[in-house]
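Next comes model25.cif, a file with mmCIF, C-alpha atoms and all ligand atoms.
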```cif
data_my_file
loop_
_atom_site.label_atom_id
_atom_site.label_comp_id
_atom_site.auth_asym_id
_atom_site.auth_seq_id
_atom_site.Cartn_x
_atom_site.Cartn_y
_atom_site.Cartn_z
CA MET A 280 119.14 103.05 75.93
CA THR A 281 120.88 101.99 79.11
CA ALA A 282 121.96 104.98 81.13
CA ARG A 283 125.49 105.71 82.21
CA ILE A 284 125.61 105.45 85.99
CA LEU A 285 127.08 108.50 87.70
CA ASP A 286 129.03 106.95 90.58
CA GLY A 287 129.00 109.26 93.60
CA ASN A 288 131.30 107.06 95.67
CA ALA A 289 134.03 107.09 93.01
CA LEU A 290 133.79 110.84 92.41
CA ALA A 291 133.68 111.55 96.16
CA GLN A 292 136.80 109.43 96.70
CA ARG A 293 138.74 111.33 94.03
CA LEU A 294 137.72 114.72 95.41
CA ARG A 295 138.40 113.73 99.02
CA ALA A 296 141.93 112.57 98.12
CA ASP A 297 142.58 116.07 96.76
CA PHE A 298 141.06 117.70 99.87
CA LYS A 299 143.29 115.60 102.11
CA THR A 300 146.38 116.80 100.26
CA ARG A 301 145.23 120.41 100.54
CA ALA A 302 144.42 119.97 104.24
CA GLU A 303 147.92 118.60 104.85
CA ALA A 304 149.42 121.61 103.05
CA LEU A 305 147.41 123.94 105.28
CA ALA A 306 148.32 121.97 108.42
CA ALA A 307 152.00 122.29 107.50
CA ARG A 308 151.43 126.06 107.65
CA GLY A 309 149.81 125.75 111.08
CA THR A 310 146.11 125.62 110.20
CA ARG A 311 144.08 122.41 110.30
CA PRO A 312 140.61 122.84 108.75
CA GLY A 313 138.04 122.57 111.54
CA LEU A 314 134.29 121.84 111.43
CA ALA A 315 131.84 122.10 114.33
CA VAL A 316 128.55 120.23 114.06
CA ILE A 317 125.65 120.94 116.42
CA LEU A 318 122.98 118.29 116.86
CA VAL A 319 119.84 118.97 118.91
CA GLY A 320 117.64 116.02 119.82
CA GLU A 321 117.68 112.33 119.04
CA ASP A 322 116.35 111.99 115.50
CA PRO A 323 117.97 108.72 114.30
CA ALA A 324 118.52 109.93 110.70
CA SER A 325 120.17 113.16 111.93
CA GLN A 326 122.40 111.14 114.27
CA VAL A 327 123.60 109.03 111.31
CA TYR A 328 124.21 112.13 109.14
CA VAL A 329 126.19 113.86 111.89
CA ARG A 330 128.28 110.75 112.58
CA ASN A 331 129.06 110.45 108.86
CA LYS A 332 130.11 114.11 108.72
CA VAL A 333 132.45 113.74 111.70
CA ASN A 334 133.97 110.53 110.27
CA ALA A 335 134.50 112.20 106.87
CA CYS A 336 136.42 115.00 108.60
CA ALA A 337 138.71 112.53 110.37
CA GLN A 338 139.44 110.68 107.12
CA ALA A 339 140.33 113.92 105.33
CA GLY A 340 142.61 115.07 108.15
CA PHE A 341 140.27 117.81 109.38
CA HIS A 342 139.62 118.70 112.98
CA SER A 343 135.98 118.31 114.02
CA ALA A 344 133.86 118.95 117.09
CA LYS A 345 130.45 117.38 117.61
CA ILE A 346 128.22 119.20 120.10
CA SER A 347 125.01 117.38 121.09
CA TYR A 348 122.07 118.72 123.09
CA PRO A 349 118.93 117.04 124.44
CA PRO A 350 115.69 117.79 122.51
CA ASP A 351 114.41 120.16 125.23
CA VAL A 352 117.55 122.33 125.43
CA GLU A 353 116.95 126.07 125.90
CA PRO A 354 117.61 127.88 122.59
CA ARG A 355 119.79 130.37 124.52
CA VAL A 356 122.31 127.59 125.21
CA VAL A 357 122.67 126.92 121.48
CA PHE A 358 122.95 130.65 120.66
CA ASP A 359 125.70 131.01 123.31
CA LYS A 360 127.57 128.04 121.82
CA LEU A 361 127.29 129.54 118.33
CA ALA A 362 128.76 132.83 119.59
CA GLU A 363 131.66 130.88 121.10
CA LEU A 364 132.27 128.90 117.88
CA ASN A 365 132.03 132.05 115.75
CA ALA A 366 134.99 133.41 117.72
CA ASP A 367 137.00 130.16 117.84
CA PRO A 368 140.02 130.35 115.48
CA ALA A 369 140.27 126.52 115.34
CA ILE A 370 136.79 126.32 113.76
CA HIS A 371 136.37 127.34 110.10
CA GLY A 372 132.95 125.80 109.47
CA ILE A 373 129.82 125.58 111.64
CA LEU A 374 126.80 123.44 110.85
CA VAL A 375 123.56 123.08 112.78
CA GLN A 376 121.87 119.85 111.76
CA LEU A 377 118.29 120.38 110.57
CA PRO A 378 115.48 119.92 111.39
CA LEU A 379 115.57 121.55 114.82
CA PRO A 380 112.92 120.84 117.48
CA LYS A 381 109.73 122.92 117.16
CA HIS A 382 110.56 125.35 119.98
CA PHE A 383 113.50 126.68 117.91
CA ASP A 384 113.25 129.48 115.34
CA SER A 385 115.43 127.82 112.69
CA ASP A 386 115.93 130.99 110.65
CA ALA A 387 117.18 132.82 113.75
CA VAL A 388 119.61 129.97 114.51
CA LEU A 389 120.97 129.95 110.96
CA LYS A 390 121.40 133.73 111.12
CA ALA A 391 123.44 133.37 114.32
CA ILE A 392 126.18 131.50 112.45
CA ALA A 393 128.95 133.84 111.24
CA PRO A 394 128.43 134.05 107.44
CA ALA A 395 132.15 133.37 106.88
CA LYS A 396 131.77 130.03 108.72
CA ASP A 397 128.38 129.05 107.30
CA VAL A 398 129.54 125.95 105.39
CA ASP A 399 125.94 124.86 104.70
CA GLY A 400 125.36 128.13 102.85
CA PHE A 401 122.00 128.60 104.59
CA HIS A 402 122.58 132.07 106.12
CA ALA A 403 120.46 134.76 104.41
CA GLU A 404 123.63 136.65 103.48
CA ASN A 405 125.08 133.61 101.71
CA ILE A 406 121.79 132.81 99.97
CA GLY A 407 121.75 136.43 98.74
CA ALA A 408 125.31 136.11 97.42
CA LEU A 409 124.34 132.89 95.60
CA MET A 410 121.33 134.64 94.02
CA GLN A 411 123.53 137.53 92.90
CA GLY A 412 125.85 135.06 91.19
CA HIS A 413 128.94 135.35 93.39
CA PRO A 414 128.44 132.66 96.04
CA ARG A 415 130.64 132.39 99.13
CA PHE A 416 129.36 128.94 100.19
CA ILE A 417 127.21 126.80 97.90
CA PRO A 418 124.73 124.52 99.73
CA CYS A 419 126.34 121.06 99.78
CA THR A 420 123.76 118.90 97.98
CA PRO A 421 123.28 121.09 94.88
CA TYR A 422 127.04 121.80 94.90
CA GLY A 423 127.59 118.02 94.71
CA VAL A 424 125.12 117.72 91.83
CA MET A 425 127.06 120.37 89.87
CA GLN A 426 130.24 118.31 90.41
CA PHE A 427 128.57 115.36 88.64
CA PHE A 428 127.87 117.56 85.61
CA ALA A 429 131.43 118.92 85.54
CA ASP A 430 132.96 115.47 85.94
CA ALA A 431 130.75 113.80 83.30
CA GLY A 432 131.14 116.63 80.77
CA ILE A 433 127.46 117.57 80.96
CA ASP A 434 127.01 121.27 80.17
CA PRO A 435 123.65 122.67 81.35
CA ARG A 436 123.88 125.65 78.96
CA GLY A 437 120.68 126.03 76.95
CA LYS A 438 119.18 122.82 78.40
CA GLU A 439 115.72 122.46 79.91
CA ALA A 440 116.33 121.72 83.60
CA VAL A 441 113.36 120.64 85.73
CA ILE A 442 113.64 120.39 89.50
CA LEU A 443 111.07 118.52 91.58
CA GLY A 444 110.99 120.14 95.05
CA ARG A 445 111.35 123.72 96.25
CA SER A 446 113.20 123.29 99.57
CA ASN A 447 115.73 125.84 100.81
CA ILE A 448 118.29 123.03 101.16
CA VAL A 449 118.04 121.55 97.65
CA GLY A 450 115.40 122.80 95.20
CA LYS A 451 115.90 126.57 95.40
CA PRO A 452 119.73 126.64 95.45
CA MET A 453 119.79 123.93 92.72
CA ALA A 454 117.67 126.22 90.54
CA MET A 455 120.07 129.13 91.12
CA LEU A 456 123.12 127.05 90.18
CA LEU A 457 121.51 125.67 87.02
CA LEU A 458 120.40 129.18 86.07
CA GLN A 459 123.95 130.40 86.65
CA ALA A 460 125.10 127.61 84.32
CA SER A 461 122.67 129.01 81.68
CA ALA A 462 120.01 126.29 81.79
CA THR A 463 116.31 127.17 81.41
CA VAL A 464 114.97 126.24 84.81
CA THR A 465 111.54 125.08 86.00
CA ILE A 466 110.82 124.31 89.66
CA CYS A 467 107.89 121.94 90.27
CA HIS A 468 106.26 121.39 93.66
CA SER A 469 103.25 119.87 95.39
CA GLN A 470 100.84 122.35 93.76
CA THR A 471 102.19 121.97 90.21
CA ARG A 472 99.53 120.92 87.71
CA ASP A 473 100.46 118.09 85.32
CA LEU A 474 103.91 117.37 86.69
CA ALA A 475 104.63 114.82 83.96
CA PHE A 476 104.16 117.54 81.30
CA HIS A 477 107.15 119.29 82.83
CA THR A 478 109.31 116.25 83.54
CA ARG A 479 108.91 114.96 79.97
CA ARG A 480 110.42 118.21 78.65
CA ALA A 481 113.49 117.95 80.88
CA ASP A 482 116.98 117.44 79.46
CA ILE A 483 118.14 117.54 83.09
CA LEU A 484 115.74 116.26 85.75
CA VAL A 485 116.55 116.67 89.44
CA ALA A 486 114.23 114.79 91.81
CA ALA A 487 114.21 116.13 95.38
CA LEU A 488 110.66 115.65 96.57
CA GLY A 489 111.04 112.82 99.08
CA LYS A 490 108.68 110.24 97.56
CA ALA A 491 109.99 106.74 96.95
CA ARG A 492 110.31 105.80 93.24
CA PHE A 493 107.99 108.66 92.26
CA VAL A 494 109.64 109.36 88.90
CA THR A 495 108.85 106.54 86.49
CA ALA A 496 110.17 105.82 82.98
CA ASP A 497 107.08 107.26 81.25
CA MET A 498 107.80 110.65 82.91
CA VAL A 499 111.32 110.92 81.48
CA LYS A 500 112.46 112.22 78.10
CA PRO A 501 114.66 109.70 76.26
CA GLY A 502 118.31 110.68 76.74
CA ALA A 503 117.69 112.91 79.79
CA VAL A 504 120.20 113.23 82.63
CA VAL A 505 118.42 112.19 85.84
CA ILE A 506 119.72 113.19 89.28
CA ASP A 507 118.09 111.49 92.25
CA VAL A 508 118.41 113.44 95.51
CA GLY A 509 115.84 111.34 97.41
CA ILE A 510 116.68 108.98 100.25
CA ASN A 511 113.64 106.95 101.27
CA ARG A 512 113.43 103.87 103.42
CA LEU A 513 111.22 101.07 102.10
CA PRO A 514 109.16 98.80 104.41
CA ASP A 515 111.84 96.07 104.00
CA GLY A 516 114.46 98.49 105.39
CA LYS A 517 116.23 99.07 102.06
CA LEU A 518 117.02 102.58 100.79
CA CYS A 519 115.67 103.92 97.54
CA GLY A 520 115.53 107.26 95.78
CA ASP A 521 112.73 109.39 94.35
CA VAL A 522 113.36 107.77 90.96
CA ASP A 523 112.39 104.28 89.83
CA PHE A 524 115.98 103.41 88.98
CA ALA A 525 115.32 100.13 87.12
CA GLY A 526 112.80 101.65 84.72
CA VAL A 527 114.31 105.11 84.29
CA SER A 528 117.84 103.80 83.63
CA GLU A 529 116.42 102.23 80.42
CA VAL A 530 115.34 105.67 79.16
CA ALA A 531 117.86 108.19 80.53
CA SER A 532 121.36 108.80 79.17
CA ALA A 533 122.83 109.21 82.68
CA ILE A 534 121.48 108.60 86.17
CA THR A 535 122.64 108.72 89.80
CA PRO A 536 121.88 105.60 91.89
CA VAL A 537 120.59 105.54 95.49
CA PRO A 538 122.55 104.74 97.54
CA GLY A 539 125.93 105.68 96.05
CA GLY A 540 124.97 108.76 94.03
CA VAL A 541 124.23 112.19 95.47
CA GLY A 542 124.56 111.09 99.13
CA PRO A 543 128.36 110.67 99.26
CA MET A 544 128.77 113.91 97.32
CA THR A 545 126.83 115.98 99.86
CA ILE A 546 129.30 115.27 102.65
CA THR A 547 132.19 115.67 100.21
CA MET A 548 131.08 119.21 99.41
CA LEU A 549 130.75 119.98 103.12
CA LEU A 550 134.45 119.12 103.32
CA ALA A 551 135.06 121.32 100.27
CA ASN A 552 133.32 124.28 101.92
CA THR A 553 135.17 123.79 105.21
CA LEU A 554 138.50 123.56 103.40
CA GLU A 555 137.72 126.66 101.34
CA ALA A 556 136.83 128.55 104.54
CA ALA A 557 140.16 127.56 106.12
CA GLU A 558 142.12 128.40 102.95
CA ARG A 559 140.47 131.83 102.78
CA GLU A 560 141.60 132.53 106.32
CA VAL A 561 145.23 131.61 105.66
CA ARG A 562 145.45 133.46 102.35
N1 LIG A 601 119.34 118.21 107.15
C1 LIG A 601 119.17 117.62 105.96
N2 LIG A 601 120.09 118.05 105.07
C2 LIG A 601 120.86 118.93 105.72
C3 LIG A 601 121.98 119.72 105.33
O1 LIG A 601 122.45 119.71 104.19
N3 LIG A 601 122.50 120.51 106.31
C4 LIG A 601 121.98 120.56 107.56
N4 LIG A 601 122.56 121.38 108.42
N5 LIG A 601 120.95 119.85 107.94
C5 LIG A 601 120.39 119.04 107.03
#
```

What would the structure in this file look like if it were written as structure tokens?
Ligand code: GUN
Amino acid sequence: MTARILDGNALAQRLRADFKTRAEALAARGTRPGLAVILVGEDPASQVYVRNKVNACAQAGFHSAKISYPPDVEPRVVFDKLAELNADPAIHGILVQLPLPKHFDSDAVLKAIAPAKDVDGFHAENIGALMQGHPRFIPCTPYGVMQFFADAGIDPRGKEAVILGRSNIVGKPMAMLLLQASATVTICHSQTRDLAFHTRRADILVAALGKARFVTADMVKPGAVVIDVGINRLPDGKLCGDVDFAGVSEVASAITPVPGGVGPMTITMLLANTLEAAEREVR
């Protein structure tokens, strides 16, 4: 079997065209969707992510503000800025790029974002709403993965879904969304015994563990849908996912590539959440 490739760039482009139209409709009524992104420190990957987020806003006709601080900034300065942004009517979404430097209490920072502007969906209140099955903001990466399923006509109902990775950003919210969609969900992690036993049972396999080409063809059930959330840099500078794409695409029925799969969808769903926040305000 040669897997169908789930093209994140194509899907992202279609969704973003719709968001642009909706943003123009809002702007005509006097509200331009606005996103504020806070970056602390000089981590090169975070700098690229933040730049891509700001550029995506401009292309969709959103207002954006990028606020950068040196790595040794006093946490109080960031908390004061968050209070200001929480009260700013031009800003509908606020995002603090993670990871933060070690002298920050990340949970406290995320809690200082007004839940109604928490477009990452990382505030405890929004995580609670997601767990209760009536989410306000869905974390962007798993939200993007669910868009692939909807677009490709893949219904998780009754399927065995196995997630590799238990992070707050991907693994845990992904599990909640698949559960909500009536899949039977297993989360595997670094302490899981016999990982391949689990992966070989998966009708839907989501790899988000951060290890280059970790998932090989022998670990995948024939016909499975394989979603690769990993972004790893190889010694030659090229990007690759957590899945051995060449091998696994011979076994799976559908697969996301890296780059060009989940990555473009994550930023797309950040736009979706920002737009939804602005639309809620105008309603
Ligand atoms: N760092 C890695 N992924 C993310 C994300 O989705 N949101 C934020 N704020 N930081 C991240």

Exercise. Can I get the residues close to ligand LIG 601 (chain A) as a ChimeraX atom specification, where close means within 10 Å and we count all atoms listed in the file?
Worked result: /A:316-318,324-325,328-329,373-379,389,397-401,418-421,447-449,545-546,548-549

Using C-alpha atoms, can you export the residues from the last selection as a PDB file, in the coordinates of the input?
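Output saved as again09.pdb:
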```
ATOM      1  CA  VAL A 316     128.550 120.230 114.060  1.00  0.00           C
ATOM      2  CA  ILE A 317     125.650 120.940 116.420  1.00  0.00           C
ATOM      3  CA  LEU A 318     122.980 118.290 116.860  1.00  0.00           C
ATOM      4  CA  ALA A 324     118.520 109.930 110.700  1.00  0.00           C
ATOM      5  CA  SER A 325     120.170 113.160 111.930  1.00  0.00           C
ATOM      6  CA  TYR A 328     124.210 112.130 109.140  1.00  0.00           C
ATOM      7  CA  VAL A 329     126.190 113.860 111.890  1.00  0.00           C
ATOM      8  CA  ILE A 373     129.820 125.580 111.640  1.00  0.00           C
ATOM      9  CA  LEU A 374     126.800 123.440 110.850  1.00  0.00           C
ATOM     10  CA  VAL A 375     123.560 123.080 112.780  1.00  0.00           C
ATOM     11  CA  GLN A 376     121.870 119.850 111.760  1.00  0.00           C
ATOM     12  CA  LEU A 377     118.290 120.380 110.570  1.00  0.00           C
ATOM     13  CA  PRO A 378     115.480 119.920 111.390  1.00  0.00           C
ATOM     14  CA  LEU A 379     115.570 121.550 114.820  1.00  0.00           C
ATOM     15  CA  LEU A 389     120.970 129.950 110.960  1.00  0.00           C
ATOM     16  CA  ASP A 397     128.380 129.050 107.300  1.00  0.00           C
ATOM     17  CA  VAL A 398     129.540 125.950 105.390  1.00  0.00           C
ATOM     18  CA  ASP A 399     125.940 124.860 104.700  1.00  0.00           C
ATOM     19  CA  GLY A 400     125.360 128.130 102.850  1.00  0.00           C
ATOM     20  CA  PHE A 401     122.000 128.600 104.590  1.00  0.00           C
ATOM     21  CA  PRO A 418     124.730 124.520  99.730  1.00  0.00           C
ATOM     22  CA  CYS A 419     126.340 121.060  99.780  1.00  0.00           C
ATOM     23  CA  THR A 420     123.760 118.900  97.980  1.00  0.00           C
ATOM     24  CA  PRO A 421     123.280 121.090  94.880  1.00  0.00           C
ATOM     25  CA  ASN A 447     115.730 125.840 100.810  1.00  0.00           C
ATOM     26  CA  ILE A 448     118.290 123.030 101.160  1.00  0.00           C
ATOM     27  CA  VAL A 449     118.040 121.550  97.650  1.00  0.00           C
ATOM     28  CA  THR A 545     126.830 115.980  99.860  1.00  0.00           C
ATOM     29  CA  ILE A 546     129.300 115.270 102.650  1.00  0.00           C
ATOM     30  CA  MET A 548     131.080 119.210  99.410  1.00  0.00           C
ATOM     31  CA  LEU A 549     130.750 119.980 103.120  1.00  0.00           C
TER      32      LEU A 549
END
```

Problem set entry | Option closest in space to Gly313 of chain A, from A:Val388, A:Ile406, A:Val424, A:Ala369 [counting only C-alpha atoms] |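 Closest candidate: A:Ala369.
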
For this session: State, in Å with one decimal place, the distance from atom CA of Asn511 of chain A to atom CA of Arg492 of chain A.
Result: 8.8 Å

Problem set entry | Å distance separating atom CA of Thr553 of chain A from atom CA of Lys396 of chain A, one decimal place | 7.9 Å

Problem set entry | Pick from A:Leu474, A:Ile506, A:Val530, A:Leu456, whichever lies nearest to Gln411 of chain A using all atoms listed in the file |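 Closest residue, counting all atoms listed in the file: A:Leu456.
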
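Contact shell of Ala391 of chain A at 12 Å (all atoms listed in the file; same-chain neighbours under 3 positions omitted): A:Pro354, A:Arg355, A:Val357, A:Phe358, A:Asp359, A:Lys360, A:Leu361, A:Ala362, A:Glu363, A:Leu364, A:Asn365, A:Ile373, A:Leu374, A:Val375, A:Asp384, A:Ser385, A:Asp386, A:Ala387, A:Val388, A:Pro394, A:Ala395, A:Lys396, A:Asp397, A:Phe401, A:His402, A:Ala403, A:Glu404.
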
Problem set entry | Contacts of Ser469 of chain A at 12 Å (all atoms listed in the file; same-chain gap of 4+ positions) as a PyMOL selection string | chain A and resi 442-446+473-474+487-490

Exercise. With distances taken over all atoms listed in the file, which of A:Ala335, A:Val485, A:Ala462, A:Ile346 is nearest to Ala291 of chain A?
Worked result: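 Closest to Ala291 of chain A of all the choices is A:Ala335.
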
Exercise. Which value, in Å to one decimal, gives the distance between atom CA of Ala339 of chain A and atom CA of Ala551 of chain A?
Worked result: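 One can read the atom CA of Ala339 of chain A to atom CA of Ala551 of chain A distance as 10.4 Å.
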
Problem set entry | Closest of A:Leu290, A:Val527, A:Leu518, A:Leu513 to Val499 of chain A - atom-to-atom distances counting only C-alpha atoms |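 Of A:Leu290, A:Val527, A:Leu518, A:Leu513, the one nearest Val499 of chain A is A:Val527, counting only C-alpha atoms.
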
Problem set entry | Test item: which residues lie within 12 Å of (122.8, 120.8, 74.1) counting only C-alpha atoms, as number ranges by chain | A: 432-440, 461-463, 481-483, 502-504

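Among A:Val327, A:Ala525, A:Ala429, A:Ala533, the residue with the shortest atom-to-atom distance to Ala460 of chain A, counting all atoms listed in the file, is A:Ala429.
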
For this session: Compile the contact shell of Ala304 of chain A as a PyMOL selection string: residues with an atom at most 12 Å away, counting all atoms listed in the file, same-chain residues fewer than 5 positions apart removed.
Result: chain A and resi 297-299+309-312+340-341+554+557-558+561

Exercise. Can you tell me, as a VMD selection string, what residues are no more than 8 Å from Gly539 of chain A when counting all atoms listed in the file, ignoring any on the same chain fewer than 4 positions away?
Worked result: chain A and resid 286 to 288 535 543

For this session: Using only C-alpha atoms, find the one residue out of A:Glu321, A:Asp497, A:Asp521, A:Glu303 that sits nearest to Asp351 of chain A.
Result: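 Answer, going by the shortest atom-to-atom distance: A:Glu321.
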
Problem set entry | Contacts of His477 of chain A within 8 Å, all atoms listed in the file, excl. fewer than 5 positions in-chain, as number ranges by chain | A: 441, 465, 467

Those selected residues, please, written with C-alpha atoms and delivered as a JSON list (two decimals), in the coordinates of the input.
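And here is the file that came out, out00.json:
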```
[["chain", "number", "residue", "atom", "x", "y", "z"],
["A", 441, "VAL", "CA", 113.36, 120.64, 85.73],
["A", 465, "THR", "CA", 111.54, 125.08, 86.00],
["A", 467, "CYS", "CA", 107.89, 121.94, 90.27]]
```
